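Visitor: Sharing model_21.csv, CSV, C-alpha atoms:
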```
chain,number,residue,atom,x,y,z
A,58,MET,CA,0.0,0.0,0.0
A,59,ALA,CA,1.3,3.5,-0.8
A,60,ALA,CA,2.7,5.6,2.1
A,61,SER,CA,0.3,8.1,3.5
A,62,PRO,CA,1.0,11.3,5.4
A,63,TYR,CA,-2.2,10.6,7.3
A,64,ALA,CA,-1.9,8.8,10.6
A,65,GLY,CA,-3.4,5.3,10.7
A,66,LEU,CA,-5.6,3.4,13.1
A,67,VAL,CA,-2.8,2.0,15.3
A,68,SER,CA,-0.9,5.3,15.7
A,69,ARG,CA,-4.1,7.2,16.5
A,70,SER,CA,-5.3,4.4,18.9
A,71,VAL,CA,-2.0,4.5,20.7
A,72,ALA,CA,-2.2,8.3,21.0
A,73,LEU,CA,-5.8,8.0,22.3
A,74,VAL,CA,-4.9,5.4,24.9
A,75,LEU,CA,-2.0,7.5,26.2
A,76,ASP,CA,-4.2,10.5,26.3
A,77,GLY,CA,-6.8,8.5,28.2
A,78,LEU,CA,-4.1,7.7,30.8
A,79,VAL,CA,-2.9,11.3,31.1
A,80,VAL,CA,-6.5,12.6,31.4
A,81,THR,CA,-7.4,10.0,34.0
A,82,LEU,CA,-4.4,11.0,36.0
A,83,LEU,CA,-5.2,14.7,35.8
A,84,VAL,CA,-8.8,14.1,36.7
A,85,LEU,CA,-7.8,12.1,39.7
A,86,ILE,CA,-5.4,14.8,40.9
A,87,VAL,CA,-7.9,17.5,40.4
A,88,ALA,CA,-10.8,15.6,42.0
A,89,THR,CA,-8.9,14.4,45.1
A,90,LEU,CA,-6.2,16.9,45.8
A,91,PRO,CA,-8.3,19.9,47.0
A,92,GLU,CA,-10.4,17.7,49.2
A,93,ALA,CA,-7.4,16.0,50.7
A,94,ALA,CA,-5.8,19.4,51.3
A,95,TRP,CA,-8.9,20.7,53.0
A,96,SER,CA,-9.2,17.6,55.2
A,97,SER,CA,-5.6,17.9,56.3
A,98,LEU,CA,-5.9,21.6,57.1
A,99,SER,CA,-9.4,21.9,58.6
A,100,PRO,CA,-11.1,19.7,61.1
A,101,ARG,CA,-14.5,20.4,59.5
A,102,THR,CA,-16.0,18.3,56.7
A,103,VAL,CA,-15.4,19.2,53.1
A,104,PRO,CA,-17.8,22.0,52.2
A,105,ARG,CA,-20.3,21.4,49.4
A,106,TRP,CA,-19.0,24.3,47.3
A,107,LEU,CA,-15.5,22.7,47.2
A,108,ASP,CA,-17.0,19.4,46.3
A,109,GLY,CA,-19.0,21.1,43.5
A,110,ALA,CA,-16.1,23.1,42.3
A,111,THR,CA,-13.8,20.1,42.1
A,112,SER,CA,-16.4,18.2,40.2
A,113,VAL,CA,-16.8,21.0,37.7
A,114,ILE,CA,-13.1,21.3,37.2
A,115,ALA,CA,-12.7,17.5,36.9
A,116,ILE,CA,-15.3,17.6,34.1
A,117,ALA,CA,-13.6,20.6,32.4
A,118,VAL,CA,-10.0,19.2,32.6
A,119,PRO,CA,-10.4,16.7,29.8
A,120,LEU,CA,-12.1,19.2,27.5
A,121,LEU,CA,-9.5,21.9,28.3
A,122,TYR,CA,-6.7,19.4,27.9
A,123,PHE,CA,-7.6,18.3,24.4
A,124,ALA,CA,-8.9,21.7,23.2
A,125,ALA,CA,-6.0,23.7,24.4
A,126,LEU,CA,-3.3,21.3,23.2
A,127,TRP,CA,-5.0,20.8,19.8
A,128,ALA,CA,-5.3,24.6,19.4
A,129,MET,CA,-1.8,25.4,20.6
A,130,THR,CA,0.4,22.7,19.1
A,131,GLY,CA,-1.9,20.2,17.4
A,132,GLN,CA,-0.4,17.5,19.6
A,133,THR,CA,-1.6,16.1,22.9
A,134,ALA,CA,0.8,14.1,25.0
A,135,GLY,CA,-0.4,10.9,23.3
A,136,GLY,CA,0.0,12.5,19.9
A,137,LEU,CA,3.5,13.7,20.8
A,138,ALA,CA,4.5,10.1,21.8
A,139,ALA,CA,2.8,8.5,18.8
A,140,GLY,CA,3.9,11.2,16.4
A,141,THR,CA,0.5,12.4,15.3
A,142,VAL,CA,-0.8,16.0,14.8
A,143,VAL,CA,-4.4,17.2,14.5
A,144,GLU,CA,-4.9,19.9,11.8
A,145,HIS,CA,-7.7,21.6,10.0
A,146,ARG,CA,-8.4,20.0,6.6
A,147,ASP,CA,-6.8,23.0,4.9
A,148,GLY,CA,-3.5,22.3,6.8
A,149,HIS,CA,-3.9,25.1,9.4
A,150,ARG,CA,-3.9,24.6,13.2
A,151,LEU,CA,-7.3,24.4,14.8
A,152,SER,CA,-8.8,27.5,16.4
A,153,PHE,CA,-9.7,27.1,20.1
A,154,PRO,CA,-13.5,26.9,19.4
A,155,HIS,CA,-12.9,24.4,16.7
A,156,ALA,CA,-10.7,22.3,18.9
A,157,LEU,CA,-13.2,22.6,21.8
A,158,ALA,CA,-16.0,21.4,19.6
A,159,ARG,CA,-13.9,18.4,18.5
A,160,ALA,CA,-13.2,17.7,22.1
A,161,VAL,CA,-16.8,18.0,23.2
A,162,ILE,CA,-18.0,15.7,20.5
A,163,GLY,CA,-15.2,13.2,21.3
A,164,LEU,CA,-15.9,13.1,25.0
A,165,ALA,CA,-19.7,13.3,24.8
A,166,PHE,CA,-19.9,10.5,22.3
A,167,ALA,CA,-16.8,8.5,23.3
A,168,PRO,CA,-18.2,5.1,22.2
A,169,LEU,CA,-19.1,6.5,18.8
A,170,TRP,CA,-15.7,8.1,18.6
A,171,VAL,CA,-14.0,4.8,19.1
A,172,VAL,CA,-16.3,3.0,16.7
A,173,GLY,CA,-15.8,5.8,14.2
A,174,MET,CA,-12.1,5.3,14.3
A,175,LEU,CA,-12.5,1.9,12.6
A,176,PHE,CA,-13.6,3.9,9.6
A,177,ILE,CA,-9.9,5.0,9.2
A,178,VAL,CA,-8.9,1.8,7.5
A,179,ALA,CA,-11.6,2.2,4.9
A,180,SER,CA,-10.8,5.8,4.2
A,181,SER,CA,-8.1,6.8,1.6
A,182,GLU,CA,-7.3,9.8,3.8
A,183,ARG,CA,-7.5,7.8,7.0
A,184,ARG,CA,-10.4,9.9,8.3
A,185,ALA,CA,-12.6,8.8,11.2
A,186,TRP,CA,-16.2,9.8,11.6
A,187,HIS,CA,-15.3,12.7,13.9
A,188,ASP,CA,-12.8,13.9,11.3
A,189,LEU,CA,-15.5,14.0,8.7
A,190,LEU,CA,-17.8,15.8,11.1
A,191,THR,CA,-15.3,18.4,12.3
A,192,HIS,CA,-13.3,18.8,9.1
A,193,THR,CA,-10.0,17.8,10.6
A,194,ASP,CA,-7.2,15.5,9.5
A,195,VAL,CA,-4.7,13.7,11.7
A,196,ARG,CA,-1.2,13.4,10.1
A,197,TYR,CA,2.1,12.1,11.0
A,198,ALA,CA,4.2,14.9,12.7
A,199,ALA,CA,7.3,16.0,11.0
A,200,ARG,CA,10.4,14.4,12.5
A,201,ARG,CA,13.7,16.0,13.5
A,202,GLY,CA,16.7,14.6,11.9
A,203,PRO,CA,17.0,12.5,8.7
A,204,ALA,CA,13.7,11.5,7.1
A,205,ARG,CA,12.6,7.9,7.3
A,206,ARG,CA,10.4,5.9,5.0
A,207,ARG,CA,6.8,5.6,6.1
A,208,GLY,CA,4.4,2.8,5.7
B,67,MET,CA,95.5,72.9,71.6
B,68,GLY,CA,95.4,70.3,68.7
B,69,THR,CA,93.1,67.2,68.8
B,70,ASN,CA,94.5,63.7,68.7
B,71,THR,CA,91.8,61.9,66.4
B,72,ALA,CA,92.3,58.4,64.8
B,73,SER,CA,90.5,58.2,61.4
B,74,PRO,CA,90.0,54.8,59.7
B,75,GLY,CA,92.5,55.8,57.0
B,76,ARG,CA,95.1,56.5,59.6
B,77,ILE,CA,94.5,53.2,61.4
B,78,ALA,CA,94.9,51.3,58.1
B,79,LEU,CA,98.0,53.1,57.3
B,80,GLY,CA,99.3,52.3,60.8
B,81,LEU,CA,98.5,48.6,60.5
B,82,THR,CA,100.2,48.4,57.1
B,83,ALA,CA,103.3,50.1,58.4
B,84,LEU,CA,103.3,47.8,61.4
B,85,THR,CA,103.1,44.6,59.2
B,86,ALA,CA,105.8,45.9,56.9
B,87,GLN,CA,108.0,46.5,59.9
B,88,ARG,CA,107.4,42.9,61.2
B,89,VAL,CA,108.1,41.4,57.7
B,90,ILE,CA,111.3,43.4,57.6
B,91,ARG,CA,112.3,42.3,61.1
B,92,HIS,CA,111.4,38.6,60.6
B,93,PRO,CA,111.6,37.7,56.9
B,94,GLY,CA,111.8,33.9,57.6
B,95,ARG,CA,108.4,34.0,59.5
B,96,ALA,CA,106.7,35.9,56.7
B,97,THR,CA,107.9,33.4,54.1
B,98,ARG,CA,106.7,30.5,56.2
B,99,ALA,CA,103.3,32.2,56.7
B,100,VAL,CA,102.8,32.7,52.9
B,101,LEU,CA,103.9,29.2,52.1
B,102,GLY,CA,101.6,27.8,54.9
B,103,SER,CA,98.5,29.6,53.6
B,104,ALA,CA,99.2,28.3,50.0
B,105,LEU,CA,99.5,24.8,51.3
B,106,VAL,CA,96.2,25.0,53.3
B,107,ALA,CA,94.4,26.3,50.2
B,108,GLU,CA,95.8,23.5,48.0
B,109,SER,CA,95.0,20.9,50.5
B,110,GLY,CA,91.4,22.2,50.8
B,111,ALA,CA,90.8,22.0,47.1
B,112,ASP,CA,92.2,18.4,47.1
B,113,ALA,CA,89.9,17.5,49.9
B,114,ARG,CA,86.9,18.9,48.2
B,115,ALA,CA,87.7,17.0,45.0
B,116,PHE,CA,88.1,13.8,47.0
B,117,VAL,CA,84.8,14.2,48.7
B,118,ARG,CA,83.0,15.0,45.5
B,119,GLU,CA,84.5,12.0,43.7
B,120,GLY,CA,83.6,9.7,46.6
B,121,LEU,CA,80.0,11.0,46.6
B,122,ASP,CA,79.7,10.5,42.8
B,123,ARG,CA,80.9,6.9,43.2
B,124,ILE,CA,78.5,6.2,46.1
B,125,LEU,CA,75.6,7.7,44.2
B,126,GLY,CA,76.5,5.7,41.1
B,127,TRP,CA,76.6,2.5,43.0
B,128,ALA,CA,73.4,3.3,44.8
B,129,SER,CA,71.5,4.0,41.6
B,130,ARG,CA,72.9,1.0,39.7
B,131,LEU,CA,72.9,-1.7,42.4
B,132,ALA,CA,71.4,-0.7,45.7
B,133,ALA,CA,68.3,1.3,44.7
B,134,PRO,CA,66.8,-1.5,42.4
B,135,ARG,CA,67.4,-4.1,45.1
B,136,ILE,CA,65.8,-1.9,47.8
B,137,ILE,CA,62.8,-1.2,45.6
B,138,ASP,CA,62.4,-4.8,44.6
B,139,GLU,CA,62.5,-5.9,48.2
B,140,MET,CA,60.2,-3.1,49.3
B,141,LEU,CA,57.5,-3.5,46.7
B,142,PRO,CA,55.8,-6.6,48.1
B,143,HIS,CA,55.9,-5.1,51.5
B,144,LEU,CA,54.4,-1.9,50.1
B,145,GLU,CA,51.7,-3.8,48.2
B,146,LYS,CA,50.8,-6.1,51.1
B,147,ARG,CA,51.0,-3.8,54.1
B,148,VAL,CA,51.7,-0.2,53.5
B,149,VAL,CA,49.3,0.6,50.7
B,150,PRO,CA,46.3,-1.3,52.1
B,151,GLU,CA,46.8,0.4,55.4
B,152,LEU,CA,47.1,3.8,53.8
B,153,VAL,CA,44.0,3.1,51.7
B,154,ASP,CA,42.1,1.9,54.8
B,155,ALA,CA,43.1,5.0,56.7
B,156,ALA,CA,42.3,7.3,53.8
B,157,MET,CA,38.9,5.8,52.8
B,158,PRO,CA,36.8,7.1,55.6
B,159,LEU,CA,38.2,10.6,54.9
B,160,VAL,CA,37.6,10.2,51.2
B,161,ARG,CA,34.0,8.9,51.8
B,162,ALA,CA,33.2,11.6,54.3
B,163,ARG,CA,34.8,14.6,52.6
B,164,VAL,CA,36.1,14.0,49.1
B,165,ILE,CA,33.3,12.1,47.4
B,166,PRO,CA,30.5,14.4,48.7
B,167,ALA,CA,32.5,17.4,47.5
B,168,ILE,CA,33.0,15.8,44.1
B,169,ILE,CA,29.3,14.9,43.8
B,170,GLU,CA,28.3,18.4,44.8
B,171,ASP,CA,30.7,19.8,42.2
B,172,LEU,CA,29.3,17.4,39.6
B,173,ILE,CA,25.7,18.3,40.5
B,174,ASP,CA,26.4,22.0,40.3
B,175,SER,CA,28.4,21.8,37.1
B,176,PRO,CA,26.5,23.3,34.2
B,177,LEU,CA,28.5,21.0,31.8
B,178,VAL,CA,27.3,17.8,33.6
B,179,GLN,CA,23.8,19.1,33.9
B,180,THR,CA,23.8,19.8,30.2
B,181,LEU,CA,25.2,16.4,29.4
B,182,LEU,CA,22.6,14.7,31.6
B,183,LEU,CA,19.8,16.7,30.0
B,184,GLU,CA,21.0,15.8,26.5
B,185,GLN,CA,21.3,12.2,27.5
B,186,SER,CA,17.8,12.1,28.9
B,187,ARG,CA,16.4,13.9,25.9
B,188,SER,CA,18.2,11.5,23.6
B,189,VAL,CA,16.8,8.5,25.5
B,190,VAL,CA,13.2,9.9,25.4
B,191,SER,CA,13.6,10.9,21.8
B,192,HIS,CA,14.9,7.4,20.8
B,193,ALA,CA,12.0,5.7,22.6
B,194,ALA,CA,9.5,8.0,21.0
B,195,ASP,CA,11.1,7.3,17.5
B,196,GLN,CA,10.9,3.6,18.1
B,197,LEU,CA,7.2,3.9,19.1
B,198,ARG,CA,6.4,6.0,16.0
B,199,ASP,CA,8.2,3.5,13.8
B,200,ALA,CA,6.4,0.6,15.3
B,201,THR,CA,2.9,2.3,15.1
B,202,GLU,CA,3.5,3.5,11.5
B,203,LYS,CA,4.4,0.0,10.4
B,204,ALA,CA,1.4,-1.3,12.2
B,205,ASP,CA,-0.8,1.2,10.5
B,206,GLY,CA,0.2,-0.1,7.1
B,207,ARG,CA,-0.1,-3.7,8.1
B,208,VAL,CA,-3.5,-3.3,9.6
B,209,GLU,CA,-4.7,-1.6,6.4
B,210,ASP,CA,-3.2,-4.2,4.2
B,211,MET,CA,-4.8,-6.9,6.3
B,212,VAL,CA,-8.2,-5.3,6.0
B,213,HIS,CA,-7.9,-4.7,2.3
B,214,ASN,CA,-6.8,-8.3,1.7
B,215,LEU,CA,-9.9,-9.5,3.7
B,216,VAL,CA,-12.2,-7.2,1.7
B,217,HIS,CA,-10.7,-8.4,-1.6
B,218,ARG,CA,-11.0,-12.0,-0.6
B,219,GLY,CA,-14.7,-11.4,0.4
B,220,ARG,CA,-15.4,-9.8,-3.0
B,221,GLY,CA,-13.6,-12.6,-4.8
B,222,ARG,CA,-15.8,-15.2,-3.3
```
When written as structure tokens, how does the structure in this file appear?
Guide:
Amino acid sequence: MAASPYAGLVSRSVALVLDGLVVTLLVLIVATLPEAAWSSLSPRTVPRWLDGATSVIAIAVPLLYFAALWAMTGQTAGGLAAGTVVEHRDGHRLSFPHALARAVIGLAFAPLWVVGMLFIVASSERRAWHDLLTHTDVRYAARRGPARRRG
Amino acid sequence: MGTNTASPGRIALGLTALTAQRVIRHPGRATRAVLGSALVAESGADARAFVREGLDRILGWASRLAAPRIIDEMLPHLEKRVVPELVDAAMPLVRARVIPAIIEDLIDSPLVQTLLLEQSRSVVSHAADQLRDATEKADGRVEDMVHNLVHRGRGR
């Protein structure tokens, strides 16, 4: 099969799994750290407002993680490790609203996101359902040093 | 009334005159004195040459014969006893003072920090490159596999 600059199913799945681990870790830290700090500093029980605030932040963390990194560099931590970069279909970096919309769709419909990724192997441009929906492409990131053969 | 002062010039002149008078009075003594001093000078030079020659011989003998033997006999003793004792005595000091100081210097050294950072970056970069190579190859293989399955399905 001809080499493609578009990232394939395995690369994108590896990136997704790594991002899942990073996000889980971040959410755990955000959800537990403030309450643990409160418990160690104050004899009173954790107030409701702190509980609510940490819940809101814990929900916002994955959205902000994906949206901010896609908008800033096109690469999340998983993408950096797997060598994939998310771009607008015209080759530009995503704007923050665009990246946020992609993140909301991905997190709100996570099972569909995963199933939609299977469509990558059938697409000549290796696009998943959410790529078609949000007009994005996922490509292999340019490497430093001598170029290597892809495929 | 005139003063009776004795200047150094006058004293020297006086002494010279006195010596001349003695030489004139006792010419035999003067001759013997001159001969004696020449003899003492000559004997001193001979003695110095003799001592120097003797020292050279001793040093030559020591460097050719004695020193190698002494060293050969001392080496096992040095290896078995002296050096281990010195090392045992020095190690606590080295552990307590020298090694921590060296480690601190290494930690604070910008060159070492740069080297470690470069090494870490290189390791991470190498691992990331390997992961990317593996996933890129897997991308192609998975797609080939799916396409083969699809073609077989159509062929039937």
Visitor: Taking all atoms listed in the file into account, name the residue in A:Leu85, A:Thr193, A:Val80, A:His187 that is nearest to A:Ala165.
Guide: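 Answer, going by the shortest atom-to-atom distance: A:His187.
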Visitor: Give one line per residue of chain B that approaches chain A to at most 8 Å, naming the two atoms of the closest pair and their distance in Å to one decimal, counting all atoms listed in the file; sort by chain then ascending residue number and deliver it as a Markdown table.
Guide:
```
| residue | atom | partner | partner_atom | distance |
| --- | --- | --- | --- | --- |
| B:Ala194 | CA | A:Ala138 | CA | 5.5 |
| B:Leu197 | CA | A:Ala139 | CA | 6.4 |
| B:Arg198 | CA | A:Ala139 | CA | 5.2 |
| B:Thr201 | CA | A:Ser68 | CA | 4.9 |
| B:Glu202 | CA | A:Gly208 | CA | 5.9 |
| B:Lys203 | CA | A:Gly208 | CA | 5.5 |
| B:Ala204 | CA | A:Val67 | CA | 6.2 |
| B:Asp205 | CA | A:Gly65 | CA | 4.9 |
| B:Gly206 | CA | A:Gly208 | CA | 5.3 |
| B:Val208 | CA | A:Val178 | CA | 7.7 |
| B:Glu209 | CA | A:Val178 | CA | 5.5 |
| B:Asp210 | CA | A:Met58 | CA | 6.7 |
| B:Val212 | CA | A:Val178 | CA | 7.3 |
```
Visitor: Report as a ChimeraX atom specification all protein, DNA and RNA residues lying within 10 Å of A:Pro119, evaluated on all atoms listed in the file, omitting residues in the same chain fewer than 4 positions from it.
Guide: /A:76-77,79-81,83-84,114-115,123-125,160-161,164
Visitor: Tell me, as number ranges by chain, which residues lie within 12 Å of A:Asp147, counting only C-alpha atoms; anything in the same chain fewer than 4 positions away does not count.
Guide: A: 143, 151, 192-195
Visitor: Could you work out how far atom CA of B:Ile169 lies from atom CA of B:Asp154, giving the answer in Å with one decimal?
Guide: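 Answer for the atom CA of B:Asp154 to atom CA of B:Ile169 separation: 21.3 Å.
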Visitor: What's around A:Leu90 at 12 Å? Count only C-alpha atoms, leave out sequence neighbours fewer than 3 positions away in its own chain, and write the answer as a list of chain:residue names.
Guide: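 Here the answer would be A:Leu82, A:Leu83, A:Val84, A:Leu85, A:Ile86, A:Val87, A:Ala93, A:Ala94, A:Trp95, A:Ser96, A:Ser97, A:Val103, A:Leu107, A:Asp108, A:Thr111, A:Ser112, A:Ile114, A:Ala115.
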Visitor: Take the residues that were just selected and, keeping C-alpha atoms, output them as a short mmCIF file (atom, residue, chain, number, x, y, z; two decimals), in the coordinates of the input.
Guide:
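Heads up, here's the output in again38.cif:
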```cif
data_model
loop_
_atom_site.label_atom_id
_atom_site.label_comp_id
_atom_site.auth_asym_id
_atom_site.auth_seq_id
_atom_site.Cartn_x
_atom_site.Cartn_y
_atom_site.Cartn_z
CA LEU A 82 -4.40 11.00 36.00
CA LEU A 83 -5.20 14.70 35.80
CA VAL A 84 -8.80 14.10 36.70
CA LEU A 85 -7.80 12.10 39.70
CA ILE A 86 -5.40 14.80 40.90
CA VAL A 87 -7.90 17.50 40.40
CA ALA A 93 -7.40 16.00 50.70
CA ALA A 94 -5.80 19.40 51.30
CA TRP A 95 -8.90 20.70 53.00
CA SER A 96 -9.20 17.60 55.20
CA SER A 97 -5.60 17.90 56.30
CA VAL A 103 -15.40 19.20 53.10
CA LEU A 107 -15.50 22.70 47.20
CA ASP A 108 -17.00 19.40 46.30
CA THR A 111 -13.80 20.10 42.10
CA SER A 112 -16.40 18.20 40.20
CA ILE A 114 -13.10 21.30 37.20
CA ALA A 115 -12.70 17.50 36.90
#
```
Visitor: Here is a test: counting all atoms listed in the file, which residue of A:Val113, A:Leu78, A:Ala158, A:Leu98 is nearest to A:Trp127?
Guide: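 Answer, going by the shortest atom-to-atom distance: A:Ala158.
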Visitor: Rounded to one decimal, what separation in Å do you get between atom CA of B:Gln87 and atom CA of B:Val100?
Guide: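 Here the two named atoms are 16.3 Å from each other.
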Visitor: Would you compute the distance between atom CA of B:Leu144 and atom CA of B:Arg161? Give it in Å to one decimal.
Guide: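 Atom CA of B:Arg161 lies at a distance of 23.1 Å from atom CA of B:Leu144.
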Visitor: Extract stretch 95-148 of chain A from the structure I just pasted (atoms: C-alpha atoms) and return it as a short mmCIF file (atom, residue, chain, number, x, y, z; two decimals), in the first residue's frame.
Guide:
```
data_model
loop_
_atom_site.label_atom_id
_atom_site.label_comp_id
_atom_site.auth_asym_id
_atom_site.auth_seq_id
_atom_site.Cartn_x
_atom_site.Cartn_y
_atom_site.Cartn_z
CA TRP A 95 -8.93 20.66 53.00
CA SER A 96 -9.16 17.55 55.19
CA SER A 97 -5.57 17.90 56.33
CA LEU A 98 -5.86 21.63 57.05
CA SER A 99 -9.35 21.88 58.57
CA PRO A 100 -11.13 19.67 61.12
CA ARG A 101 -14.48 20.43 59.49
CA THR A 102 -15.97 18.28 56.74
CA VAL A 103 -15.36 19.22 53.13
CA PRO A 104 -17.84 21.97 52.17
CA ARG A 105 -20.30 21.43 49.38
CA TRP A 106 -18.98 24.33 47.32
CA LEU A 107 -15.51 22.74 47.22
CA ASP A 108 -17.02 19.41 46.29
CA GLY A 109 -19.01 21.06 43.50
CA ALA A 110 -16.08 23.11 42.29
CA THR A 111 -13.76 20.11 42.07
CA SER A 112 -16.44 18.18 40.17
CA VAL A 113 -16.83 21.00 37.65
CA ILE A 114 -13.07 21.31 37.25
CA ALA A 115 -12.72 17.54 36.89
CA ILE A 116 -15.26 17.62 34.06
CA ALA A 117 -13.57 20.62 32.44
CA VAL A 118 -10.04 19.20 32.62
CA PRO A 119 -10.38 16.67 29.77
CA LEU A 120 -12.11 19.22 27.54
CA LEU A 121 -9.48 21.87 28.26
CA TYR A 122 -6.65 19.35 27.90
CA PHE A 123 -7.65 18.27 24.40
CA ALA A 124 -8.91 21.65 23.19
CA ALA A 125 -5.97 23.69 24.43
CA LEU A 126 -3.31 21.30 23.15
CA TRP A 127 -4.95 20.79 19.75
CA ALA A 128 -5.30 24.56 19.36
CA MET A 129 -1.80 25.40 20.60
CA THR A 130 0.39 22.70 19.05
CA GLY A 131 -1.93 20.23 17.36
CA GLN A 132 -0.44 17.54 19.57
CA THR A 133 -1.58 16.13 22.88
CA ALA A 134 0.81 14.10 25.03
CA GLY A 135 -0.36 10.93 23.33
CA GLY A 136 0.00 12.55 19.92
CA LEU A 137 3.49 13.67 20.81
CA ALA A 138 4.48 10.13 21.76
CA ALA A 139 2.80 8.48 18.78
CA GLY A 140 3.91 11.21 16.37
CA THR A 141 0.50 12.41 15.26
CA VAL A 142 -0.79 15.95 14.84
CA VAL A 143 -4.37 17.21 14.46
CA GLU A 144 -4.92 19.86 11.80
CA HIS A 145 -7.72 21.62 10.01
CA ARG A 146 -8.42 20.03 6.64
CA ASP A 147 -6.78 23.01 4.93
CA GLY A 148 -3.55 22.31 6.84
#
```
